[in-house]
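Novice: Below is the file upload-v5.cif, with mmCIF, C-alpha atoms and all ligand atoms.
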```cif
data_final
#
loop_
_atom_site.label_atom_id
_atom_site.label_comp_id
_atom_site.auth_asym_id
_atom_site.auth_seq_id
_atom_site.Cartn_x
_atom_site.Cartn_y
_atom_site.Cartn_z
CA MET A 686 -169.39 98.40 -57.96
CA SER A 687 -169.59 94.68 -58.67
CA LYS A 688 -167.67 93.17 -61.55
CA PRO A 689 -169.52 92.46 -64.80
CA HIS A 690 -170.44 88.86 -65.54
CA ILE A 691 -168.92 87.16 -68.59
CA LEU A 692 -169.75 83.81 -70.16
CA LEU A 693 -167.10 81.84 -72.05
CA ALA A 694 -169.27 79.75 -74.34
CA ARG A 695 -166.56 77.21 -75.23
CA ALA A 696 -163.32 76.02 -73.67
CA VAL A 697 -160.32 78.27 -74.17
CA PHE A 698 -156.68 78.50 -73.02
CA PRO A 699 -156.57 78.54 -69.17
CA GLU A 700 -154.49 81.74 -69.22
CA ILE A 701 -157.34 83.49 -71.03
CA VAL A 702 -159.81 82.37 -68.35
CA ASP A 703 -157.39 83.68 -65.70
CA LYS A 704 -156.94 86.98 -67.53
CA LEU A 705 -160.70 87.52 -67.79
CA ALA A 706 -161.19 86.48 -64.15
CA ARG A 707 -159.01 89.42 -63.09
CA HIS A 708 -161.69 91.76 -64.48
CA PHE A 709 -164.96 89.83 -64.42
CA HIS A 710 -167.05 87.18 -62.75
CA VAL A 711 -166.38 84.43 -65.26
CA ALA A 712 -168.53 81.43 -66.09
CA ALA A 713 -166.25 79.24 -68.20
CA ASN A 714 -167.37 76.19 -70.16
CA GLN A 715 -163.99 74.48 -69.71
CA SER A 716 -165.55 71.04 -70.13
CA ASP A 717 -166.30 72.28 -73.67
CA VAL A 718 -169.92 71.14 -73.94
CA VAL A 719 -171.43 72.28 -77.25
CA TRP A 720 -174.68 73.84 -76.03
CA THR A 721 -178.01 73.81 -77.79
CA GLN A 722 -179.67 77.18 -78.31
CA ALA A 723 -181.84 76.56 -75.22
CA GLN A 724 -178.75 75.74 -73.13
CA LEU A 725 -176.93 78.82 -74.41
CA ILE A 726 -179.93 80.97 -73.46
CA GLU A 727 -179.94 79.41 -69.99
CA GLN A 728 -176.20 79.99 -69.59
CA LEU A 729 -176.48 83.62 -70.73
CA LYS A 730 -178.92 84.51 -67.95
CA GLY A 731 -177.44 87.41 -65.98
CA GLN A 732 -174.36 87.68 -68.21
CA HIS A 733 -173.23 91.11 -69.43
CA GLY A 734 -170.73 89.84 -71.98
CA ALA A 735 -170.01 86.65 -73.90
CA PHE A 736 -166.81 85.23 -75.35
CA THR A 737 -168.00 83.22 -78.35
CA THR A 738 -166.55 81.05 -81.09
CA GLY A 739 -167.82 80.58 -84.65
CA GLY A 740 -170.27 77.85 -83.64
CA ASP A 741 -172.15 79.92 -81.05
CA GLN A 742 -175.24 81.37 -82.72
CA ILE A 743 -176.22 84.79 -81.39
CA ASP A 744 -179.58 85.40 -83.01
CA ALA A 745 -182.78 87.31 -82.28
CA ALA A 746 -184.15 84.59 -79.98
CA VAL A 747 -180.97 84.47 -77.91
CA LEU A 748 -180.88 88.27 -77.69
CA ALA A 749 -184.53 88.54 -76.68
CA ALA A 750 -183.91 86.08 -73.84
CA SER A 751 -180.70 87.84 -72.67
CA PRO A 752 -181.64 91.41 -71.74
CA GLU A 753 -178.46 92.03 -69.74
CA LEU A 754 -176.15 91.06 -72.59
CA ARG A 755 -174.24 94.00 -74.05
CA ILE A 756 -171.29 92.59 -75.98
CA CYS A 757 -170.30 89.35 -77.73
CA ALA A 758 -166.60 88.97 -78.59
CA ASN A 759 -166.02 86.32 -81.25
CA MET A 760 -162.75 84.37 -81.26
CA ALA A 761 -162.94 84.14 -85.08
CA VAL A 762 -162.56 86.50 -87.99
CA GLY A 763 -165.76 85.11 -89.54
CA TYR A 764 -168.92 86.18 -87.73
CA ASN A 765 -171.72 84.51 -89.65
CA ASN A 766 -172.76 83.07 -86.26
CA PHE A 767 -173.84 86.62 -85.32
CA ASP A 768 -177.11 88.07 -86.54
CA LEU A 769 -175.46 91.47 -86.62
CA GLU A 770 -178.63 93.32 -87.57
CA ALA A 771 -180.52 91.80 -84.65
CA MET A 772 -177.59 92.58 -82.35
CA THR A 773 -177.52 96.18 -83.50
CA ARG A 774 -181.29 96.50 -83.02
CA ALA A 775 -180.91 95.04 -79.54
CA GLY A 776 -178.00 97.37 -78.70
CA VAL A 777 -175.52 94.51 -78.36
CA LEU A 778 -171.99 95.06 -79.64
CA GLY A 779 -170.13 92.43 -81.63
CA THR A 780 -166.40 92.11 -82.16
CA ASN A 781 -164.37 89.64 -84.22
CA ALA A 782 -160.70 88.61 -84.41
CA PRO A 783 -159.23 89.75 -87.74
CA ASP A 784 -155.57 90.20 -88.77
CA VAL A 785 -153.96 88.05 -86.08
CA LEU A 786 -154.79 84.89 -88.03
CA THR A 787 -154.08 86.09 -91.58
CA GLU A 788 -150.64 84.58 -92.18
CA THR A 789 -151.32 81.31 -90.34
CA THR A 790 -154.53 80.80 -92.31
CA ALA A 791 -152.79 81.63 -95.59
CA ASP A 792 -150.05 79.11 -94.71
CA PHE A 793 -152.71 76.48 -94.17
CA GLY A 794 -154.57 77.34 -97.39
CA PHE A 795 -151.35 76.81 -99.27
CA ALA A 796 -150.57 73.58 -97.40
CA LEU A 797 -154.02 72.23 -98.23
CA LEU A 798 -153.59 73.24 -101.87
CA MET A 799 -150.25 71.43 -102.07
CA ALA A 800 -151.51 68.32 -100.26
CA THR A 801 -154.47 68.17 -102.62
CA ALA A 802 -152.71 68.85 -105.91
CA ARG A 803 -149.82 66.50 -105.07
CA ARG A 804 -152.13 63.81 -103.59
CA ILE A 805 -150.20 63.61 -100.33
CA THR A 806 -152.85 62.15 -98.00
CA GLU A 807 -154.23 59.79 -100.64
CA SER A 808 -150.76 58.36 -101.27
CA GLU A 809 -150.02 58.10 -97.55
CA HIS A 810 -153.22 56.12 -96.96
CA TYR A 811 -152.19 53.78 -99.81
CA LEU A 812 -148.75 53.28 -98.30
CA ARG A 813 -150.05 52.74 -94.75
CA ALA A 814 -152.52 50.17 -96.09
CA GLY A 815 -149.52 48.11 -97.28
CA ARG A 816 -150.48 48.50 -100.93
CA TRP A 817 -147.15 49.90 -102.23
CA THR A 818 -145.30 47.13 -104.05
CA LYS A 819 -143.35 48.95 -106.78
CA TRP A 820 -142.38 52.37 -108.16
CA SER A 821 -144.46 53.31 -111.23
CA TYR A 822 -144.18 56.23 -113.64
CA ASP A 823 -147.65 57.51 -112.85
CA LEU A 824 -148.05 56.50 -109.21
CA PHE A 825 -150.03 59.35 -107.59
CA ALA A 826 -148.97 61.74 -110.33
CA GLY A 827 -150.79 65.00 -109.64
CA ALA A 828 -150.79 68.62 -110.77
CA ASP A 829 -147.94 71.13 -110.57
CA ILE A 830 -148.20 74.15 -108.30
CA HIS A 831 -145.22 76.18 -109.57
CA GLY A 832 -145.98 78.19 -112.67
CA ALA A 833 -149.68 77.25 -112.57
CA THR A 834 -152.61 79.69 -112.51
CA LEU A 835 -153.84 80.29 -108.98
CA GLY A 836 -157.45 81.45 -108.73
CA ILE A 837 -158.71 83.17 -105.61
CA LEU A 838 -162.37 83.89 -104.88
CA GLY A 839 -162.46 86.53 -102.13
CA MET A 840 -159.35 88.73 -102.14
CA GLY A 841 -159.30 90.06 -98.58
CA ARG A 842 -156.34 89.83 -96.22
CA ILE A 843 -156.15 86.03 -96.26
CA GLY A 844 -156.70 85.82 -100.02
CA GLN A 845 -153.86 88.28 -100.54
CA GLY A 846 -151.65 86.20 -98.22
CA ILE A 847 -152.27 83.14 -100.38
CA ALA A 848 -151.69 85.13 -103.57
CA ARG A 849 -148.37 86.41 -102.16
CA ARG A 850 -147.23 82.88 -101.40
CA GLY A 851 -148.21 81.71 -104.88
CA ALA A 852 -146.71 84.63 -106.79
CA HIS A 853 -143.51 85.13 -104.79
CA GLY A 854 -142.79 81.57 -103.69
CA PHE A 855 -144.03 79.49 -106.61
CA GLY A 856 -144.00 81.79 -109.64
CA MET A 857 -147.76 81.42 -110.08
CA LYS A 858 -149.97 83.66 -112.17
CA VAL A 859 -152.80 84.89 -109.95
CA VAL A 860 -156.35 85.60 -111.09
CA TYR A 861 -158.98 86.70 -108.61
CA HIS A 862 -162.57 87.76 -108.24
CA ASN A 863 -163.75 89.92 -105.39
CA ARG A 864 -166.41 92.52 -104.55
CA SER A 865 -163.84 95.21 -105.31
CA GLN A 866 -160.68 95.33 -107.38
CA LEU A 867 -157.32 95.81 -105.63
CA ALA A 868 -155.20 98.91 -106.23
CA SER A 869 -152.95 98.49 -109.26
CA ASP A 870 -149.70 98.52 -107.23
CA VAL A 871 -151.05 95.71 -105.01
CA GLU A 872 -152.11 93.76 -108.10
CA ALA A 873 -148.64 94.23 -109.60
CA ASP A 874 -146.95 92.99 -106.42
CA LEU A 875 -149.17 89.90 -106.34
CA ASN A 876 -148.87 89.24 -110.10
CA ALA A 877 -152.67 89.30 -109.91
CA ARG A 878 -155.33 90.01 -112.52
CA TYR A 879 -158.95 90.84 -111.68
CA VAL A 880 -161.39 88.69 -113.68
CA SER A 881 -165.09 87.86 -113.72
CA LYS A 882 -166.18 84.91 -111.60
CA GLN A 883 -166.85 82.93 -114.78
CA GLU A 884 -163.35 83.55 -116.15
CA LEU A 885 -161.88 82.66 -112.76
CA LEU A 886 -163.63 79.29 -112.85
CA GLU A 887 -162.50 78.63 -116.41
CA VAL A 888 -158.81 79.58 -116.20
CA ALA A 889 -157.75 78.57 -112.66
CA ASP A 890 -155.60 75.46 -112.31
CA HIS A 891 -156.12 75.73 -108.57
CA LEU A 892 -159.04 77.67 -107.08
CA VAL A 893 -158.95 78.73 -103.41
CA LEU A 894 -162.11 80.02 -101.71
CA VAL A 895 -161.55 82.70 -99.08
CA LEU A 896 -164.79 84.70 -99.16
CA PRO A 897 -167.03 85.33 -96.13
CA TYR A 898 -170.24 83.34 -95.78
CA SER A 899 -173.51 85.24 -96.17
CA PRO A 900 -176.83 84.42 -97.83
CA SER A 901 -175.37 85.88 -101.04
CA SER A 902 -172.34 83.53 -100.99
CA HIS A 903 -174.43 80.44 -100.17
CA HIS A 904 -173.53 77.75 -102.74
CA ALA A 905 -171.33 80.19 -104.66
CA ILE A 906 -169.74 76.99 -105.96
CA GLY A 907 -172.38 74.51 -107.12
CA ALA A 908 -172.82 72.07 -109.98
CA ALA A 909 -172.78 74.76 -112.70
CA GLU A 910 -169.63 76.40 -111.36
CA LEU A 911 -167.84 73.05 -110.97
CA ALA A 912 -168.77 72.19 -114.56
CA SER A 913 -167.05 75.41 -115.69
CA MET A 914 -163.75 74.40 -114.10
CA LYS A 915 -160.94 72.49 -115.82
CA PRO A 916 -161.12 68.70 -115.37
CA THR A 917 -157.53 68.93 -114.08
CA ALA A 918 -158.37 71.65 -111.53
CA THR A 919 -158.07 71.59 -107.74
CA LEU A 920 -160.62 73.33 -105.48
CA VAL A 921 -159.70 74.40 -101.94
CA ASN A 922 -162.22 75.72 -99.39
CA ILE A 923 -160.85 77.33 -96.22
CA ALA A 924 -163.70 79.87 -96.01
CA ARG A 925 -166.95 78.49 -94.60
CA GLY A 926 -169.18 75.52 -95.11
CA GLY A 927 -172.17 76.40 -97.25
CA ILE A 928 -170.12 78.37 -99.78
CA VAL A 929 -169.70 75.08 -101.63
CA ASP A 930 -172.65 72.81 -102.39
CA ASP A 931 -171.05 69.72 -100.85
CA ALA A 932 -173.44 67.27 -102.56
CA ALA A 933 -172.60 68.77 -105.96
CA LEU A 934 -168.90 68.70 -105.13
CA ALA A 935 -169.02 65.03 -104.09
CA GLN A 936 -170.65 64.23 -107.41
CA ALA A 937 -168.08 66.31 -109.34
CA LEU A 938 -165.24 64.49 -107.57
CA ARG A 939 -166.80 61.13 -108.32
CA ASN A 940 -167.37 62.02 -112.01
CA LYS A 941 -163.91 63.64 -112.30
CA THR A 942 -165.51 66.93 -113.37
CA ILE A 943 -162.57 68.38 -111.40
CA ALA A 944 -159.48 66.47 -110.32
CA ALA A 945 -159.44 67.01 -106.57
CA ALA A 946 -160.56 69.12 -103.62
CA GLY A 947 -159.10 70.16 -100.28
CA LEU A 948 -161.71 71.04 -97.68
CA ASP A 949 -161.29 72.49 -94.20
CA VAL A 950 -164.94 73.56 -93.80
CA PHE A 951 -168.21 71.78 -94.52
CA GLU A 952 -171.94 72.33 -94.76
CA GLY A 953 -173.41 71.28 -91.41
CA GLU A 954 -169.98 70.61 -89.85
CA PRO A 955 -168.90 68.70 -87.84
CA GLN A 956 -171.07 66.34 -89.90
CA LEU A 957 -169.77 65.66 -93.41
CA HIS A 958 -171.60 64.70 -96.56
CA PRO A 959 -171.15 60.89 -96.62
CA GLU A 960 -170.06 60.91 -100.27
CA LEU A 961 -167.17 63.25 -99.45
CA LEU A 962 -165.92 60.76 -96.88
CA LYS A 963 -165.95 58.05 -99.55
CA ALA A 964 -164.06 60.05 -102.20
CA SER A 965 -160.32 59.39 -102.48
CA ASN A 966 -159.56 62.58 -104.43
CA VAL A 967 -160.35 64.91 -101.54
CA VAL A 968 -158.23 66.01 -98.58
CA LEU A 969 -160.37 66.61 -95.49
CA THR A 970 -159.35 68.58 -92.38
CA PRO A 971 -161.52 69.59 -89.37
CA HIS A 972 -161.70 73.44 -89.61
CA ILE A 973 -158.11 74.02 -88.47
CA ALA A 974 -156.85 76.68 -90.88
CA SER A 975 -156.08 79.15 -88.08
CA ALA A 976 -154.98 76.46 -85.63
CA SER A 977 -151.39 77.21 -84.71
CA ILE A 978 -150.89 77.64 -80.98
CA PRO A 979 -149.56 81.24 -81.21
CA THR A 980 -152.39 82.29 -83.55
CA ARG A 981 -155.20 80.69 -81.55
CA LEU A 982 -153.74 82.37 -78.46
CA ALA A 983 -153.64 85.72 -80.26
CA MET A 984 -157.26 85.29 -81.38
CA ALA A 985 -158.36 84.46 -77.83
CA ASN A 986 -156.42 87.41 -76.42
CA LEU A 987 -158.02 89.75 -78.94
CA ALA A 988 -161.52 88.58 -78.00
CA ALA A 989 -160.68 88.93 -74.29
CA ASP A 990 -159.12 92.37 -74.83
CA ASN A 991 -162.29 93.57 -76.58
CA LEU A 992 -164.34 92.56 -73.53
CA ILE A 993 -161.90 94.23 -71.15
CA ALA A 994 -161.77 97.38 -73.29
CA PHE A 995 -165.54 97.67 -73.38
CA PHE A 996 -166.11 97.23 -69.67
CA THR A 997 -163.26 99.58 -68.73
CA GLY A 998 -164.52 102.33 -71.03
CA GLN A 999 -161.72 102.00 -73.61
CA PRO A 1000 -162.28 101.96 -77.39
CA LEU A 1001 -163.05 98.52 -78.79
CA LEU A 1002 -160.19 96.99 -80.79
CA THR A 1003 -162.17 95.32 -83.56
CA PRO A 1004 -165.84 96.36 -83.40
CA LEU A 1005 -168.34 95.05 -85.97
CA ASN A 1006 -171.23 97.40 -85.19
CA PRO A 1007 -169.71 100.44 -83.48
CA GLY A 1008 -172.82 102.44 -84.35
CA VAL A 1009 -174.42 100.79 -81.33
CA LEU A 1010 -172.18 102.91 -79.12
CA THR A 1011 -172.78 106.18 -80.92
CA ALA A 1012 -176.51 105.52 -81.01
CA GLY A 1013 -176.28 105.22 -77.22
CA LEU A 1014 -178.24 101.99 -77.28
CA THR A 1015 -175.83 100.23 -74.96
CA ALA A 1016 -175.57 101.30 -71.34
CA GLN A 1017 -172.36 103.02 -70.24
CA PRO A 1018 -169.56 100.46 -70.02
CA SER A 1019 -168.66 101.23 -66.43
CA ALA A 1020 -172.06 100.05 -65.19
CA PRO A 1021 -173.21 96.51 -65.98
CA ALA A 1022 -176.81 97.60 -66.28
CA SER A 1023 -179.52 95.83 -68.21
CA ARG A 1024 -180.36 97.02 -71.75
CA THR A 1025 -184.01 97.02 -70.81
C1 LIG B 1101 -162.33 82.12 -88.28
O1 LIG B 1101 -161.60 82.81 -87.59
O2 LIG B 1101 -163.33 82.58 -88.86
C2 LIG B 1101 -161.97 80.68 -88.39
O3 LIG B 1101 -162.73 80.03 -89.34
C3 LIG B 1101 -162.09 80.01 -87.05
O4 LIG B 1101 -163.45 79.83 -86.75
#
```
Let me see the file written as structure tokens.

Specialist:
Amino acid sequence: MSKPHILLARAVFPEIVDKLARHFHVAANQSDVVWTQAQLIEQLKGQHGAFTTGGDQIDAAVLAASPELRICANMAVGYNNFDLEAMTRAGVLGTNAPDVLTETTADFGFALLMATARRITESEHYLRAGRWTKWSYDLFAGADIHGATLGILGMGRIGQGIARRGAHGFGMKVVYHNRSQLASDVEADLNARYVSKQELLEVADHLVLVLPYSPSSHHAIGAAELASMKPTATLVNIARGGIVDDAALAQALRNKTIAAAGLDVFEGEPQLHPELLKASNVVLTPHIASASIPTRLAMANLAADNLIAFFTGQPLLTPLNPGVLTAGLTAQPSAPASRT
């Protein structure tokens, strides 16, 4: 039987390409071209599986044009690039890459919080520009982290990692809002108190966003929410662009409605709202929260292992819509047959 065909939609570590090539015919986009939807559809022709990243949109149009496709393995924990309902209807499995990035992403969330509250990049730019002429009592004076109230919107694995760092490392009080409340022993360990979203906005000295993007979290932080925050507060977004209304945030930063923001994700990235680029009280990073070498390698391995598991008839490691298998919509893994 011939090997299944797999598309790697973006460049990835060479050892991952080699690993997949031991099992599949691999078409790898190692020149890392960011394809349009039409190009992605063209590239998916005849492919049985796809290794995707968060920017590769798998929607109804792509699925309709790719009848042989049976599984998409995302090298990301977030999967808002998948239209999961359309995939399930089409009998296409989706997998993501949770857990392996939790601690690295929590490290980064905390680093971004500290850089923002303590004005690290702003002061470095000032120094590099040759503007430092004397020590002053209030030069780049920012907000304290230790002992402050840490707010977390979205208390999943990464949110809990950030809470743990704040509570155990910096003696912070933690308040959080989430779809569901944590068990009381977990709350006690994290020094965390469940509050309404409104209370979270009002009491947090530093608010970190770690919730998944969906239509219901679109602009979860807009002008009204920013106006509810303390004028001394810091906002950090390591979740997804679109959760914050970037235009409203740029205005709030300009008007000093809040003190500062740290942003790793943006609406319409890699484009940024031009007013954010102009603001000095914002730290900007290019969607790198999970970007340590060991973690990115672990994420890529997990996506690759899901593809290998599926096509060798093993259980998927991190399935998003396993009902596809039980509903028998997808052809047997051992045979790379068309869905149609
Ligand atoms: C994720 O894993 O969701 C990160 O944002 C990388 O895309």

Novice: Would you write out, as JSON lines, a table of all residues in chain A that have an atom no more than 9 Å from an atom of ligand LIG 1101 (chain B), listing for each the closest atom pair and the distance in Å to one decimal, considering only C-alpha atoms and all ligand atoms and ordering rows by chain and rising residue number?

Specialist:
```
{"residue": "A:Thr738", "atom": "CA", "partner": "B:LIG1101", "partner_atom": "O4", "distance": 6.6}
{"residue": "A:Gly739", "atom": "CA", "partner": "B:LIG1101", "partner_atom": "O4", "distance": 4.9}
{"residue": "A:Gly740", "atom": "CA", "partner": "B:LIG1101", "partner_atom": "O4", "distance": 7.8}
{"residue": "A:Asn759", "atom": "CA", "partner": "B:LIG1101", "partner_atom": "O1", "distance": 8.5}
{"residue": "A:Met760", "atom": "CA", "partner": "B:LIG1101", "partner_atom": "O1", "distance": 6.6}
{"residue": "A:Ala761", "atom": "CA", "partner": "B:LIG1101", "partner_atom": "O1", "distance": 3.1}
{"residue": "A:Val762", "atom": "CA", "partner": "B:LIG1101", "partner_atom": "O1", "distance": 3.8}
{"residue": "A:Gly763", "atom": "CA", "partner": "B:LIG1101", "partner_atom": "O2", "distance": 3.6}
{"residue": "A:Tyr764", "atom": "CA", "partner": "B:LIG1101", "partner_atom": "O2", "distance": 6.7}
{"residue": "A:Asn765", "atom": "CA", "partner": "B:LIG1101", "partner_atom": "O2", "distance": 8.6}
{"residue": "A:Asn781", "atom": "CA", "partner": "B:LIG1101", "partner_atom": "O1", "distance": 8.1}
{"residue": "A:Ala782", "atom": "CA", "partner": "B:LIG1101", "partner_atom": "O1", "distance": 6.7}
{"residue": "A:Pro783", "atom": "CA", "partner": "B:LIG1101", "partner_atom": "O1", "distance": 7.3}
{"residue": "A:Leu786", "atom": "CA", "partner": "B:LIG1101", "partner_atom": "O1", "distance": 7.1}
{"residue": "A:Thr790", "atom": "CA", "partner": "B:LIG1101", "partner_atom": "C2", "distance": 8.4}
{"residue": "A:Pro897", "atom": "CA", "partner": "B:LIG1101", "partner_atom": "O2", "distance": 8.6}
{"residue": "A:Ile923", "atom": "CA", "partner": "B:LIG1101", "partner_atom": "O3", "distance": 7.6}
{"residue": "A:Ala924", "atom": "CA", "partner": "B:LIG1101", "partner_atom": "O3", "distance": 6.7}
{"residue": "A:Arg925", "atom": "CA", "partner": "B:LIG1101", "partner_atom": "O3", "distance": 6.9}
{"residue": "A:Val950", "atom": "CA", "partner": "B:LIG1101", "partner_atom": "O3", "distance": 8.2}
{"residue": "A:His972", "atom": "CA", "partner": "B:LIG1101", "partner_atom": "O3", "distance": 6.7}
{"residue": "A:Ile973", "atom": "CA", "partner": "B:LIG1101", "partner_atom": "C3", "distance": 7.3}
{"residue": "A:Ala974", "atom": "CA", "partner": "B:LIG1101", "partner_atom": "O3", "distance": 6.9}
{"residue": "A:Ser975", "atom": "CA", "partner": "B:LIG1101", "partner_atom": "C2", "distance": 6.1}
{"residue": "A:Ala976", "atom": "CA", "partner": "B:LIG1101", "partner_atom": "C3", "distance": 8.1}
{"residue": "A:Arg981", "atom": "CA", "partner": "B:LIG1101", "partner_atom": "C3", "distance": 8.8}
{"residue": "A:Met984", "atom": "CA", "partner": "B:LIG1101", "partner_atom": "O1", "distance": 8.0}
```

Novice: Counting all atoms listed in the file, select every polymer residue within 7 Å of (-157.3, 73.5, -107.0) as defined in the file's coordinates, and provide the selection as a list in words.

Specialist: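 Nearby residues: Leu798, Ala802, Asp890, His891, Leu892, Val893, Ala918, Thr919, Leu920, Val921, Ala945 and Ala946 of chain A.
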
Novice: So that I can check the surroundings of His831 of chain A, please list as a list in words every protein, DNA and RNA residue that reaches within 7 Å of it, counting all atoms listed in the file and ignoring chain neighbours fewer than 4 positions away.

Specialist: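 Everything that qualifies: Phe855, Gly856 and Met857 of chain A.
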
Novice: Just C-alpha atoms for this one: save the residues we selected as a short mmCIF file (atom, residue, chain, number, x, y, z; two decimals), in the coordinates of the input.

Specialist:
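Below you can see part-v5.cif, which holds the result:
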```cif
data_model
loop_
_atom_site.label_atom_id
_atom_site.label_comp_id
_atom_site.auth_asym_id
_atom_site.auth_seq_id
_atom_site.Cartn_x
_atom_site.Cartn_y
_atom_site.Cartn_z
CA PHE A 855 -144.03 79.49 -106.61
CA GLY A 856 -144.00 81.79 -109.64
CA MET A 857 -147.76 81.42 -110.08
#
```

Novice: Let me make sure I understand: among A:Asn966, A:Gln956, A:Ser687, A:Ser869, which one has the smallest atom-to-atom distance to Asn940 of chain A if we use only C-alpha atoms?

Specialist: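 Of A:Asn966, A:Gln956, A:Ser687, A:Ser869, the one nearest Asn940 of chain A is A:Asn966, counting only C-alpha atoms.
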
Novice: Considering only C-alpha atoms, can you say which of A:Thr721, A:Ser965, A:Thr801, A:Gln845 comes closest to Glu788 of chain A?

Specialist: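 Looking only at the distances to Glu788 of chain A, the closest residue turns out to be A:Gln845.
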
Novice: When distances are computed from only C-alpha atoms, which of A:Val785, A:Leu1002, A:Ala873, A:Ala964 shows the smallest separation from Thr980 of chain A?

Specialist: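 Under the stated criterion, the closest residue is A:Val785.
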
Novice: Just how far from atom CA of Tyr879 of chain A is atom CA of Ala935 of chain A, in Å to one decimal?

Specialist: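 Atom-to-atom, atom CA of Ala935 of chain A to atom CA of Tyr879 of chain A, that is 28.7 Å.
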